[in-house]
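With TSV, C-alpha atoms and all ligand atoms inside, this is upload.tsv:
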```tsv
chain	number	residue	atom	x	y	z
U	207	MET	CA	102.26	-25.77	59.20
U	208	ARG	CA	100.72	-29.01	60.39
U	209	THR	CA	96.95	-29.18	60.09
U	210	ILE	CA	95.08	-30.81	62.93
U	211	ASN	CA	93.30	-34.06	62.17
U	212	ILE	CA	90.56	-34.30	64.80
U	213	GLY	CA	89.54	-37.78	63.62
U	214	LEU	CA	93.07	-39.03	64.18
U	215	ILE	CA	93.16	-37.67	67.75
U	216	GLN	CA	89.83	-39.35	68.49
U	217	LYS	CA	91.07	-42.60	66.91
U	218	THR	CA	94.23	-42.47	69.02
U	219	PHE	CA	92.07	-41.97	72.11
U	220	LYS	CA	90.02	-45.09	71.25
U	221	GLU	CA	93.17	-47.14	70.69
U	222	LEU	CA	94.76	-46.05	73.96
U	223	PHE	CA	91.63	-46.17	76.10
U	224	PRO	CA	89.35	-48.79	74.51
U	225	GLN	CA	87.23	-49.15	77.70
U	226	SER	CA	86.45	-45.42	77.99
U	227	PRO	CA	82.98	-44.00	77.48
U	228	THR	CA	82.55	-41.85	74.36
U	229	PRO	CA	84.99	-38.99	74.78
U	230	ILE	CA	84.37	-35.27	74.53
U	231	THR	CA	86.48	-33.15	72.13
U	232	VAL	CA	87.32	-29.52	72.80
U	233	ALA	CA	89.58	-27.01	71.06
U	234	ALA	CA	91.08	-23.71	72.24
U	235	PRO	CA	93.02	-21.35	69.98
U	236	GLY	CA	96.29	-19.46	70.26
U	237	ARG	CA	96.22	-15.72	69.72
U	238	VAL	CA	97.92	-12.83	68.05
U	239	ASN	CA	97.78	-9.51	69.84
U	240	LEU	CA	97.02	-6.68	67.40
U	241	LEU	CA	97.58	-3.79	69.84
U	242	GLY	CA	98.05	-3.31	73.58
U	243	GLU	CA	101.33	-4.94	74.57
U	244	HIS	CA	102.47	-5.11	78.19
U	245	THR	CA	99.32	-3.29	79.21
U	246	ASP	CA	97.27	-6.18	80.65
U	247	TYR	CA	99.13	-6.40	83.98
U	248	ASN	CA	98.87	-2.61	84.26
U	249	ASP	CA	95.04	-2.90	84.27
U	250	GLY	CA	95.06	-1.44	80.75
U	251	PHE	CA	93.52	-2.21	77.37
U	252	VAL	CA	94.38	-5.00	74.92
U	253	PHE	CA	93.14	-5.86	71.44
U	254	PRO	CA	94.01	-9.46	70.50
U	255	MET	CA	92.34	-11.90	68.12
U	256	ALA	CA	92.14	-15.70	68.37
U	257	ILE	CA	93.89	-17.52	65.52
U	258	ASP	CA	92.98	-20.61	63.56
U	259	ASN	CA	95.71	-22.68	65.20
U	260	GLN	CA	94.55	-24.51	68.26
U	261	MET	CA	95.04	-27.09	70.96
U	262	VAL	CA	92.66	-30.04	70.78
U	263	LEU	CA	91.87	-32.27	73.76
U	264	VAL	CA	89.87	-35.49	73.60
U	265	GLY	CA	88.92	-36.84	77.01
U	266	ALA	CA	86.54	-38.91	79.12
U	267	PRO	CA	86.16	-39.74	82.82
U	268	ASN	CA	87.84	-42.96	84.02
U	269	HIS	CA	86.19	-43.31	87.45
U	270	THR	CA	89.50	-43.31	89.30
U	271	ASN	CA	91.41	-40.44	90.86
U	272	GLN	CA	94.14	-40.59	88.24
U	273	VAL	CA	94.58	-38.44	85.16
U	274	HIS	CA	96.17	-40.29	82.22
U	275	LEU	CA	97.55	-38.12	79.44
U	276	TYR	CA	98.98	-38.79	76.00
U	277	SER	CA	100.51	-35.93	74.04
U	278	MET	CA	100.65	-36.72	70.33
U	279	ASP	CA	103.00	-33.77	69.80
U	280	PHE	CA	105.61	-35.22	72.13
U	281	ALA	CA	104.61	-38.90	71.69
U	282	ALA	CA	104.67	-39.01	75.49
U	283	HIS	CA	102.48	-40.44	78.25
U	284	ASP	CA	102.01	-38.88	81.64
U	285	VAL	CA	99.95	-39.79	84.67
U	286	PHE	CA	99.21	-38.04	87.95
U	287	SER	CA	96.89	-38.51	90.88
U	288	LEU	CA	94.35	-35.81	91.72
U	289	ASP	CA	95.16	-36.39	95.43
U	290	ASP	CA	98.71	-35.12	95.11
U	291	ILE	CA	99.49	-32.91	92.13
U	292	GLN	CA	103.12	-31.84	91.82
U	293	LEU	CA	105.13	-30.08	89.13
U	294	THR	CA	106.85	-32.53	86.78
U	295	LYS	CA	110.19	-32.00	85.10
U	296	THR	CA	109.87	-34.93	82.68
U	297	ASN	CA	106.78	-33.75	80.82
U	298	SER	CA	106.68	-30.00	81.20
U	299	TRP	CA	103.58	-29.78	78.91
U	300	SER	CA	101.67	-31.73	81.57
U	301	ASN	CA	102.18	-28.93	84.11
U	302	TYR	CA	99.60	-26.74	82.36
U	303	ILE	CA	97.00	-29.49	82.74
U	304	ARG	CA	98.07	-30.26	86.30
U	305	GLY	CA	97.90	-26.57	87.21
U	306	VAL	CA	94.37	-26.18	85.87
U	307	CYS	CA	93.22	-29.25	87.86
U	308	VAL	CA	94.76	-27.77	91.03
U	309	MET	CA	93.10	-24.39	90.54
U	310	LEU	CA	89.68	-25.86	89.78
U	311	MET	CA	89.86	-28.05	92.88
U	312	ASN	CA	91.10	-25.13	95.01
U	313	ALA	CA	88.09	-23.18	93.75
U	314	GLY	CA	85.84	-25.89	95.18
U	315	TYR	CA	85.07	-28.05	92.15
U	316	SER	CA	85.38	-31.78	92.78
U	317	LEU	CA	87.09	-33.60	89.94
U	318	GLU	CA	87.40	-37.24	89.06
U	319	GLY	CA	90.11	-38.96	87.05
U	320	MET	CA	90.19	-38.64	83.27
U	321	ASN	CA	91.87	-40.08	80.20
U	322	ILE	CA	92.99	-37.37	77.79
U	323	VAL	CA	94.74	-37.32	74.40
U	324	LEU	CA	95.99	-33.98	73.11
U	325	GLN	CA	97.51	-32.44	70.04
U	326	GLY	CA	98.03	-28.83	68.97
U	327	ASN	CA	99.35	-26.76	66.10
U	328	VAL	CA	99.97	-23.44	67.81
U	329	PRO	CA	103.71	-22.89	67.25
U	330	GLN	CA	105.41	-23.33	70.62
U	331	GLY	CA	107.71	-20.74	72.15
U	332	ALA	CA	106.75	-18.25	69.43
U	333	GLY	CA	104.67	-15.89	71.55
U	334	LEU	CA	101.36	-17.11	70.10
U	335	SER	CA	100.08	-18.42	73.45
U	336	SER	CA	100.30	-22.16	73.00
U	337	SER	CA	100.34	-22.52	76.80
U	338	ALA	CA	97.21	-20.43	77.29
U	339	ALA	CA	95.52	-22.53	74.58
U	340	LEU	CA	96.39	-25.69	76.51
U	341	GLU	CA	95.21	-24.25	79.84
U	342	VAL	CA	91.94	-23.00	78.39
U	343	ALA	CA	91.31	-26.24	76.48
U	344	THR	CA	91.93	-28.16	79.72
U	345	ALA	CA	89.55	-25.95	81.72
U	346	SER	CA	86.89	-26.32	78.99
U	347	LEU	CA	87.29	-30.10	78.77
U	348	ILE	CA	87.05	-30.53	82.54
U	349	ASP	CA	84.02	-28.24	82.59
U	350	GLU	CA	82.32	-30.40	79.91
U	351	ILE	CA	83.29	-33.78	81.37
U	352	HIS	CA	82.13	-32.87	84.89
U	353	GLU	CA	79.20	-30.76	83.70
U	354	LEU	CA	80.41	-27.95	85.95
U	355	ARG	CA	78.76	-25.24	83.86
U	356	ALA	CA	81.26	-22.82	85.35
U	357	ASP	CA	81.26	-19.20	84.29
U	358	ARG	CA	83.67	-18.80	81.36
U	359	ILE	CA	85.38	-15.78	82.86
U	360	GLU	CA	85.92	-17.73	86.08
U	361	LEU	CA	87.60	-20.45	84.01
U	362	VAL	CA	89.77	-17.79	82.35
U	363	LYS	CA	90.90	-16.54	85.76
U	364	LEU	CA	91.62	-20.06	86.99
U	365	ALA	CA	93.62	-20.82	83.82
U	366	GLN	CA	95.70	-17.69	84.43
U	367	LYS	CA	96.15	-18.68	88.07
U	368	ALA	CA	97.42	-22.09	86.93
U	369	GLU	CA	100.11	-20.36	84.90
U	370	ASN	CA	100.95	-17.83	87.66
U	371	ASP	CA	100.84	-19.98	90.78
U	372	PHE	CA	101.49	-23.52	89.53
U	373	VAL	CA	103.67	-23.23	86.42
U	374	GLY	CA	105.27	-20.09	87.89
U	375	VAL	CA	104.98	-17.65	84.97
U	376	ASN	CA	103.74	-14.25	86.04
U	377	CYS	CA	101.59	-13.49	82.96
U	378	GLY	CA	98.60	-11.14	82.73
U	379	ILE	CA	95.09	-12.20	81.73
U	380	MET	CA	95.08	-11.40	78.00
U	381	ASP	CA	96.11	-14.77	76.54
U	382	GLN	CA	93.69	-16.96	78.48
U	383	PHE	CA	90.91	-14.42	77.99
U	384	ILE	CA	91.14	-14.31	74.21
U	385	SER	CA	91.63	-18.07	73.93
U	386	MET	CA	88.33	-18.55	75.76
U	387	MET	CA	86.30	-15.58	74.51
U	388	GLY	CA	87.53	-15.00	70.93
U	389	LYS	CA	85.08	-14.98	68.04
U	390	ALA	CA	85.48	-15.65	64.32
U	391	ASP	CA	85.88	-12.45	62.25
U	392	HIS	CA	86.29	-10.35	65.41
U	393	ALA	CA	89.08	-8.93	67.51
U	394	LEU	CA	88.46	-8.54	71.23
U	395	PHE	CA	88.77	-5.20	72.97
U	396	LEU	CA	89.33	-5.95	76.64
U	397	ASP	CA	89.53	-3.69	79.65
U	398	CYS	CA	91.87	-5.70	81.87
U	399	ARG	CA	90.72	-3.86	85.00
U	400	THR	CA	87.00	-4.55	84.78
U	401	LEU	CA	87.21	-7.49	82.35
U	402	GLU	CA	84.49	-5.80	80.32
U	403	TYR	CA	85.01	-6.62	76.70
U	404	GLU	CA	83.64	-5.91	73.27
U	405	LEU	CA	83.98	-8.03	70.14
U	406	ILE	CA	84.89	-5.69	67.28
U	407	PRO	CA	84.28	-6.86	63.68
U	408	ALA	CA	87.73	-7.44	62.18
U	409	GLN	CA	87.16	-8.71	58.67
U	410	PHE	CA	90.45	-7.52	57.29
U	411	GLU	CA	90.04	-9.88	54.33
U	412	LYS	CA	86.82	-8.16	53.24
U	413	MET	CA	88.72	-4.87	53.25
U	414	GLY	CA	91.44	-6.37	51.06
U	415	TYR	CA	94.04	-7.00	53.77
U	416	SER	CA	95.60	-9.95	55.59
U	417	VAL	CA	97.04	-10.33	59.05
U	418	VAL	CA	100.48	-11.79	58.43
U	419	VAL	CA	102.51	-13.12	61.34
U	420	VAL	CA	106.23	-13.76	60.99
U	421	ASN	CA	108.07	-15.92	63.47
U	422	SER	CA	111.58	-14.58	63.95
U	423	SER	CA	112.51	-18.09	65.15
U	424	VAL	CA	114.51	-16.42	67.90
U	425	LYS	CA	113.99	-18.27	71.19
U	426	ARG	CA	112.60	-15.93	73.78
U	427	GLY	CA	115.43	-16.56	76.23
U	428	LEU	CA	115.31	-13.47	78.43
U	429	VAL	CA	111.61	-13.18	78.43
U	430	ASP	CA	110.76	-14.46	81.92
U	431	SER	CA	113.28	-12.43	83.89
U	432	GLU	CA	112.82	-9.28	81.79
U	433	TYR	CA	109.03	-9.64	81.98
U	434	ASN	CA	109.20	-9.64	85.78
U	435	THR	CA	111.59	-6.69	85.76
U	436	ARG	CA	109.17	-4.71	83.58
U	437	ARG	CA	106.28	-5.51	85.92
U	438	ALA	CA	108.32	-4.34	88.91
U	439	GLN	CA	109.34	-1.13	87.11
U	440	CYS	CA	105.69	-0.38	86.33
U	441	GLU	CA	104.87	-0.79	90.02
U	442	SER	CA	107.74	1.52	90.97
U	443	ALA	CA	106.49	4.10	88.48
U	444	VAL	CA	103.04	3.95	90.09
U	445	GLU	CA	104.59	4.48	93.54
U	446	ALA	CA	106.60	7.44	92.28
U	447	LEU	CA	103.47	8.97	90.72
U	448	GLN	CA	101.22	8.39	93.72
U	449	PRO	CA	101.97	11.71	95.45
U	450	HIS	CA	101.06	13.54	92.23
U	451	ILE	CA	98.00	11.59	91.02
U	452	PRO	CA	95.58	10.92	93.88
U	453	GLY	CA	94.10	7.42	94.00
U	454	ILE	CA	96.33	5.90	91.31
U	455	LYS	CA	96.66	2.12	91.66
U	456	LYS	CA	98.09	1.05	88.30
U	457	LEU	CA	99.53	2.75	85.22
U	458	ARG	CA	96.03	2.46	83.79
U	459	ASP	CA	95.16	5.46	85.94
U	460	VAL	CA	97.75	7.59	84.16
U	461	THR	CA	96.81	9.27	80.89
U	462	ILE	CA	98.40	11.08	77.98
U	463	GLY	CA	97.71	14.34	79.87
U	464	HIS	CA	100.28	13.22	82.49
U	465	LEU	CA	103.16	12.83	80.01
U	466	ASP	CA	105.02	15.91	81.31
U	467	LEU	CA	104.80	14.52	84.82
U	468	ILE	CA	105.97	11.09	83.63
U	469	ASN	CA	109.00	12.68	82.04
U	470	THR	CA	110.14	13.91	85.47
U	471	LEU	CA	110.56	10.30	86.73
U	472	PRO	CA	113.95	8.53	86.69
U	473	THR	CA	114.68	7.65	83.03
U	474	ASP	CA	113.88	3.91	83.19
U	475	LEU	CA	110.60	4.42	84.97
U	476	ALA	CA	109.64	7.30	82.69
U	477	LYS	CA	110.23	5.15	79.62
U	478	ARG	CA	108.22	2.20	80.93
U	479	ALA	CA	105.33	4.41	82.02
U	480	ARG	CA	105.36	6.33	78.74
U	481	HIS	CA	105.01	3.10	76.79
U	482	VAL	CA	102.08	1.85	78.84
U	483	VAL	CA	100.23	5.15	78.76
U	484	THR	CA	100.69	5.71	75.01
U	485	GLU	CA	99.96	2.04	74.24
U	486	ASN	CA	96.64	2.21	76.09
U	487	GLN	CA	95.76	5.24	73.98
U	488	ARG	CA	96.81	3.37	70.81
U	489	VAL	CA	94.39	0.57	71.67
U	490	LEU	CA	91.53	3.05	72.06
U	491	ASP	CA	92.51	4.76	68.79
U	492	GLY	CA	93.00	1.41	67.02
U	493	VAL	CA	89.56	0.14	67.99
U	494	LYS	CA	88.02	3.34	66.61
U	495	ALA	CA	90.12	3.15	63.45
U	496	LEU	CA	88.95	-0.40	62.79
U	497	GLN	CA	85.32	0.53	63.47
U	498	ASN	CA	85.73	3.31	60.90
U	499	SER	CA	87.45	0.93	58.45
U	500	ASN	CA	90.47	3.21	58.60
U	501	LEU	CA	93.14	0.55	58.12
U	502	LYS	CA	95.75	3.10	57.16
U	503	LEU	CA	95.52	4.63	60.64
U	504	PHE	CA	95.40	1.16	62.20
U	505	GLY	CA	98.65	0.33	60.41
U	506	GLU	CA	100.32	3.53	61.62
U	507	LEU	CA	99.38	2.59	65.17
U	508	LEU	CA	101.10	-0.78	64.70
U	509	TYR	CA	104.34	0.96	63.68
U	510	ALA	CA	104.04	3.40	66.58
U	511	SER	CA	103.46	0.53	69.00
U	512	HIS	CA	106.61	-1.18	67.77
U	513	GLU	CA	108.69	1.95	68.21
U	514	SER	CA	107.40	2.38	71.74
U	515	LEU	CA	108.10	-1.28	72.62
U	516	ARG	CA	111.57	-0.95	71.11
U	517	ASP	CA	112.63	2.41	72.52
U	518	ASP	CA	110.62	2.94	75.70
U	519	TYR	CA	109.71	-0.53	76.94
U	520	GLU	CA	112.89	-2.10	75.52
U	521	VAL	CA	111.44	-5.56	74.94
U	522	SER	CA	112.23	-5.90	71.24
U	523	CYS	CA	115.42	-7.38	69.79
U	524	LYS	CA	117.41	-6.76	66.63
U	525	GLU	CA	115.70	-9.58	64.73
U	526	LEU	CA	112.20	-8.27	65.47
U	527	ASP	CA	113.30	-4.73	64.57
U	528	LEU	CA	114.70	-6.06	61.31
U	529	LEU	CA	111.46	-7.88	60.46
U	530	VAL	CA	109.51	-4.66	61.02
U	531	GLU	CA	111.94	-2.66	58.86
U	532	ILE	CA	111.79	-5.20	56.02
U	533	ALA	CA	107.98	-5.22	56.28
U	534	ARG	CA	107.94	-1.42	56.08
U	535	SER	CA	109.93	-1.51	52.83
U	536	ILE	CA	107.45	-3.82	51.09
U	537	PRO	CA	104.72	-2.00	49.12
U	538	GLY	CA	101.26	-2.93	50.39
U	539	THR	CA	102.28	-3.13	54.07
U	540	LEU	CA	100.17	-0.79	56.22
U	541	GLY	CA	101.82	-1.53	59.55
U	542	SER	CA	103.97	-3.97	61.47
U	543	ARG	CA	105.10	-4.55	65.04
U	544	MET	CA	106.43	-7.14	67.43
U	545	THR	CA	103.61	-9.00	69.18
U	546	GLY	CA	103.54	-10.82	72.53
U	547	ALA	CA	106.03	-10.45	75.35
U	548	GLY	CA	109.04	-9.75	73.09
U	549	PHE	CA	112.74	-10.73	73.07
U	550	GLY	CA	112.02	-12.95	70.08
U	551	GLY	CA	108.79	-14.53	68.95
U	552	CYS	CA	106.70	-12.94	66.21
U	553	THR	CA	105.78	-9.77	64.40
U	554	VAL	CA	102.26	-9.00	63.17
U	555	SER	CA	101.74	-7.02	59.97
U	556	LEU	CA	98.77	-5.75	58.04
U	557	VAL	CA	99.40	-6.43	54.34
U	558	ALA	CA	97.29	-5.89	51.19
U	559	HIS	CA	96.02	-9.20	49.79
U	560	ASP	CA	97.77	-8.87	46.47
U	561	ALA	CA	101.06	-8.05	48.21
U	562	VAL	CA	101.07	-11.04	50.58
U	563	ASP	CA	103.06	-13.37	48.29
U	564	ASP	CA	105.67	-10.71	47.69
U	565	PHE	CA	105.71	-9.93	51.42
U	566	ARG	CA	106.38	-13.55	52.34
U	567	THR	CA	109.12	-14.01	49.74
U	568	THR	CA	110.87	-10.73	50.50
U	569	ILE	CA	110.73	-11.21	54.28
U	570	CYS	CA	112.12	-14.75	54.00
U	571	GLU	CA	114.91	-13.78	51.58
U	572	GLN	CA	116.06	-10.62	53.33
U	573	TYR	CA	115.73	-11.87	56.89
U	574	SER	CA	117.59	-15.12	56.13
U	575	LYS	CA	120.27	-13.19	54.28
U	576	GLN	CA	120.87	-10.76	57.13
U	577	THR	CA	120.55	-13.10	60.11
U	578	GLY	CA	121.17	-16.61	58.80
U	579	ILE	CA	117.83	-17.58	60.40
U	580	LYS	CA	114.88	-18.95	58.46
U	581	PRO	CA	111.63	-17.24	59.51
U	582	GLU	CA	108.17	-18.77	59.27
U	583	THR	CA	105.19	-16.80	57.95
U	584	PHE	CA	101.50	-17.35	58.67
U	585	VAL	CA	98.32	-15.67	57.45
U	586	PHE	CA	95.80	-15.79	60.28
U	587	LYS	CA	92.04	-15.24	60.33
U	588	ALA	CA	90.23	-14.17	63.48
U	589	SER	CA	88.75	-17.38	64.87
U	590	ASP	CA	86.45	-18.70	67.57
U	591	GLY	CA	87.55	-19.13	71.18
U	592	ALA	CA	87.33	-22.40	73.12
U	593	ARG	CA	84.55	-24.69	72.01
U	594	ARG	CA	83.28	-28.24	72.10
U	595	LEU	CA	83.61	-29.94	68.74
J	1	LIG	C1	102.64	-12.39	77.46
J	1	LIG	C2	101.72	-12.49	78.67
J	1	LIG	C3	100.51	-11.58	78.51
J	1	LIG	C4	100.94	-10.15	78.17
J	1	LIG	C5	101.94	-10.16	77.01
J	1	LIG	C6	102.52	-8.80	76.74
J	1	LIG	O1	101.98	-12.89	76.33
J	1	LIG	O2	101.27	-13.82	78.83
J	1	LIG	O3	99.73	-11.60	79.68
J	1	LIG	O4	101.45	-9.50	79.29
J	1	LIG	O5	103.02	-11.05	77.25
J	1	LIG	O6	101.54	-7.94	76.25
```

What is this structure when it is put down as structure tokens?
Amino acid sequence: MRTINIGLIQKTFKELFPQSPTPITVAAPGRVNLLGEHTDYNDGFVFPMAIDNQMVLVGAPNHTNQVHLYSMDFAAHDVFSLDDIQLTKTNSWSNYIRGVCVMLMNAGYSLEGMNIVLQGNVPQGAGLSSSAALEVATASLIDEIHELRADRIELVKLAQKAENDFVGVNCGIMDQFISMMGKADHALFLDCRTLEYELIPAQFEKMGYSVVVVNSSVKRGLVDSEYNTRRAQCESAVEALQPHIPGIKKLRDVTIGHLDLINTLPTDLAKRARHVVTENQRVLDGVKALQNSNLKLFGELLYASHESLRDDYEVSCKELDLLVEIARSIPGTLGSRMTGAGFGGCTVSLVAHDAVDDFRTTICEQYSKQTGIKPETFVFKASDGARRL
């Protein structure tokens, strides 16, 4: 995978905008979700970690009302005026930046024009939150350039709003939250209802294990429509449960003790609700397992999460299922599951250090042989959230 050369991004900035004052550099990471899938928009629990792949923005004010952008990844320029920000079809990457500007201004912050150069190495379209990384990096850069000193959680919410209301993707809060608030050597346990969070030490390496992510390289074609369908089904399940569970607002309010009741719902709704309720419990159990250094249990929870996403939430696909099955057959693997929204994208596995090479070779050989698709594998370390460099 491409490494990011910060010096080169800064040099490119100087070449493109020689008159600019000294620019500010910020970085925001992508993420891999360890446990807690499709729970965030149900006010539930998630347990992601920030990864060492990131989006880097170098920018300075230009004392106009125009924002000039250059994406090194796409070798493309874009420009828009802060007075009239519209969606663009030509440079879709620019919409994340545009959306964040809109949301900050709607929240009452006054912005001036900027020159910005950007480059990232979070794989795109792989379910590792490259868009959240761009939104959060943008919010952080604007915050630094304008010395807004905005609350970081407020910036997280505005970044999510940019994706929901400007870009038009109805995501939950997990990706932007972890991209902003992640910490090296820690995973982040987040209560998506209260936004209370706890950084849990996650030094898998010290315990002899690696977090290995495999990109199925399957484009997540259905993801947007199916994602919205799942959200609607969760809401319908809540409505159907309301007469039986007083005060329930989201599936978060339903617990394992209600499983018999859940099973009386129409099949689709029962399956969706069962996933969310058991997945929330798996997050709670997973956090405890990690705190007790019980990686064997943590791994079992990963497998159980995959089965629930496959059978009850029905957001997996045959390629992701195959990756998990191959992973399971490799000695040294403690657990494996699809991660992110599903319908393609990546799996995350917990693999013993000395088995990682074998894991990578076997996965690549067997997956390519059975699907004709070449997967990509990454070993990720828990990394810091957004920061000024
Ligand atoms: C996407 C969304 C997140 C979350 C996951 C599923 O990554 O952006 O908010 O809902 O899917 O867990």

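Residue nearest Gly541 in chain U within the list U:Leu240, U:Asp290, U:Trp299, U:Ser499: U:Leu240 [criterion: smallest interatomic distance, all atoms listed in the file].
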
**OP:** Name the residues, using the chain letters and numbers of the file, that sit within 12 Å of (102.2, -7.6, 85.8) when counting all atoms listed in the file, and give them as a PyMOL selection string.
**Re:** chain U and resi 243-250+370+375-380+398+430+432-442+456-458+482+547

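Among the candidates U:Val419, U:Lys425, U:Asp391, U:Ala592, the one nearest to Asp349 in chain U when counting only C-alpha atoms is U:Ala592.
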
Original post:
Counting all atoms listed in the file, what is within 12 Å of Pro449 in chain U, bar same-chain residues fewer than 6 positions away, as a ChimeraX atom specification?
Top reply: /U:443,455,467

Padding 6 Å on each side, edges along x, y and z: where is the centre of the box around the listed atoms of ligand LIG 1 (chain J), and how long are its edges in Å to one decimal? Output it as lines of an AutoDock Vina configuration file.
```
center_x = 101.4
center_y = -10.9
center_z = 78.0
size_x = 15.3
size_y = 17.9
size_z = 15.4
```

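The closest residue to ligand LIG 1 (chain J), picked from U:Asp289, U:Asp258, U:Asp279, U:Asp381 and counting only C-alpha atoms and all ligand atoms, is U:Asp381.
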
Original post:
How far is it from CA of Asn421 in chain U to CA of Val373 in chain U, in Å with one decimal?
Top reply: 24.5 Å

Quick one: residues within 9 Å of Ala390 in chain U, all atoms listed in the file counted, chain neighbours fewer than 3 positions away excluded, as a PDB file with C-alpha atoms, in the coordinates of the input?
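File written: result_13.pdb
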```pdb
ATOM      1  CA  MET U 255      92.340 -11.900  68.120  1.00  0.00           C
ATOM      2  CA  ALA U 256      92.140 -15.700  68.370  1.00  0.00           C
ATOM      3  CA  ILE U 257      93.890 -17.520  65.520  1.00  0.00           C
ATOM      4  CA  ALA U 393      89.080  -8.930  67.510  1.00  0.00           C
ATOM      5  CA  PRO U 407      84.280  -6.860  63.680  1.00  0.00           C
ATOM      6  CA  ALA U 408      87.730  -7.440  62.180  1.00  0.00           C
ATOM      7  CA  LYS U 587      92.040 -15.240  60.330  1.00  0.00           C
ATOM      8  CA  ALA U 588      90.230 -14.170  63.480  1.00  0.00           C
ATOM      9  CA  SER U 589      88.750 -17.380  64.870  1.00  0.00           C
ATOM     10  CA  ASP U 590      86.450 -18.700  67.570  1.00  0.00           C
ATOM     11  CA  GLY U 591      87.550 -19.130  71.180  1.00  0.00           C
TER      12      GLY U 591
END
```

**OP:** Find the residues near Ile212 in chain U: any atom within 12 Å, counting all atoms listed in the file, skip ones fewer than 3 places away on the same chain, and give them as an MDAnalysis selection string.
**Re:** chainID U and resid 209 215:219 230:233 260:264 278 323:327 594:595

**OP:** In the coordinate frame of the file, compute which residues have an atom within 10 Å of (110.2, -13.5, 63.4) when using only C-alpha atoms, and state them as a ChimeraX atom specification.
**Re:** /U:332,419-425,525-530,544-545,550-554,569-570,573,579-583

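For the choices U:Asn211, U:Arg478, U:Ala281, U:Phe504, the atom-to-atom distance to Leu490 in chain U is smallest for U:Phe504 when using only C-alpha atoms.
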
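Nearest-residue note for Glu350 in chain U: choosing from U:Val585, U:Val328, U:Met320, U:Val238, the minimum distance belongs to U:Met320, counting only C-alpha atoms.
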
Original post:
If you measure from CA of Ser335 in chain U to atom O1 of ligand LIG 1 (chain J), what distance in Å do you get, rounded to one decimal?
Top reply: 6.5 Å

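The spacing separating CA of Lys295 in chain U from atom O4 of ligand LIG 1 (chain J) amounts to 24.8 Å.
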
Subject >> For ligand LIG 1 (chain J), the nearest of the candidates U:Asn271, U:Asn259, U:Thr568, U:Asn486, counting only C-alpha atoms and all ligand atoms >> reply: U:Asn486

Would you mind listing, for every residue of range 330-404 of chain U within 12 Å of range 309-317 of chain U, the two atoms forming the shortest contact and the distance between them in Å to one decimal, using all atoms listed in the file, sorted by chain and ascending residue number, as a tab-separated table?
```
residue	atom	partner	partner_atom	distance
U:Glu341	CA	U:Met309	CA	10.9
U:Val342	CA	U:Leu310	CA	12.0
U:Thr344	CA	U:Leu310	CA	10.6
U:Ala345	CA	U:Leu310	CA	8.1
U:Ser346	CA	U:Leu310	CA	11.2
U:Leu347	CA	U:Leu317	CA	11.7
U:Ile348	CA	U:Leu317	CA	8.0
U:Asp349	CA	U:Leu310	CA	9.5
U:Glu350	CA	U:Leu317	CA	11.6
U:Ile351	CA	U:Leu317	CA	9.4
U:His352	CA	U:Leu317	CA	7.1
U:Glu353	CA	U:Leu317	CA	10.5
U:Leu354	CA	U:Tyr315	CA	7.8
U:Arg355	CA	U:Tyr315	CA	10.8
U:Ala356	CA	U:Tyr315	CA	9.4
U:Glu360	CA	U:Ala313	CA	9.7
U:Leu361	CA	U:Leu310	CA	8.2
U:Val362	CA	U:Leu310	CA	11.0
U:Lys363	CA	U:Met309	CA	9.5
U:Leu364	CA	U:Met309	CA	5.8
U:Ala365	CA	U:Met309	CA	7.6
U:Gln366	CA	U:Met309	CA	9.4
U:Lys367	CA	U:Met309	CA	6.9
U:Ala368	CA	U:Met309	CA	6.1
U:Glu369	CA	U:Met309	CA	9.9
U:Asn370	CA	U:Met309	CA	10.6
U:Asp371	CA	U:Met309	CA	8.9
U:Phe372	CA	U:Met309	CA	8.5
U:Val373	CA	U:Met309	CA	11.4
```

Do you know which residues are at most 12 Å from Ser298 in chain U counting only C-alpha atoms, after dropping those on the same chain fewer than 2 positions away, and could you put them as a PDB file with C-alpha atoms, in the coordinates of the input?
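Final output, part.pdb:
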```pdb
ATOM      1  CA  SER U 277     100.510 -35.930  74.040  1.00  0.00           C
ATOM      2  CA  PHE U 280     105.610 -35.220  72.130  1.00  0.00           C
ATOM      3  CA  ALA U 282     104.670 -39.010  75.490  1.00  0.00           C
ATOM      4  CA  HIS U 283     102.480 -40.440  78.250  1.00  0.00           C
ATOM      5  CA  ASP U 284     102.010 -38.880  81.640  1.00  0.00           C
ATOM      6  CA  GLN U 292     103.120 -31.840  91.820  1.00  0.00           C
ATOM      7  CA  LEU U 293     105.130 -30.080  89.130  1.00  0.00           C
ATOM      8  CA  THR U 294     106.850 -32.530  86.780  1.00  0.00           C
ATOM      9  CA  LYS U 295     110.190 -32.000  85.100  1.00  0.00           C
ATOM     10  CA  THR U 296     109.870 -34.930  82.680  1.00  0.00           C
ATOM     11  CA  SER U 300     101.670 -31.730  81.570  1.00  0.00           C
ATOM     12  CA  ASN U 301     102.180 -28.930  84.110  1.00  0.00           C
ATOM     13  CA  TYR U 302      99.600 -26.740  82.360  1.00  0.00           C
ATOM     14  CA  ILE U 303      97.000 -29.490  82.740  1.00  0.00           C
ATOM     15  CA  ARG U 304      98.070 -30.260  86.300  1.00  0.00           C
ATOM     16  CA  GLY U 305      97.900 -26.570  87.210  1.00  0.00           C
ATOM     17  CA  SER U 337     100.340 -22.520  76.800  1.00  0.00           C
ATOM     18  CA  PHE U 372     101.490 -23.520  89.530  1.00  0.00           C
ATOM     19  CA  VAL U 373     103.670 -23.230  86.420  1.00  0.00           C
TER      20      VAL U 373
END
```
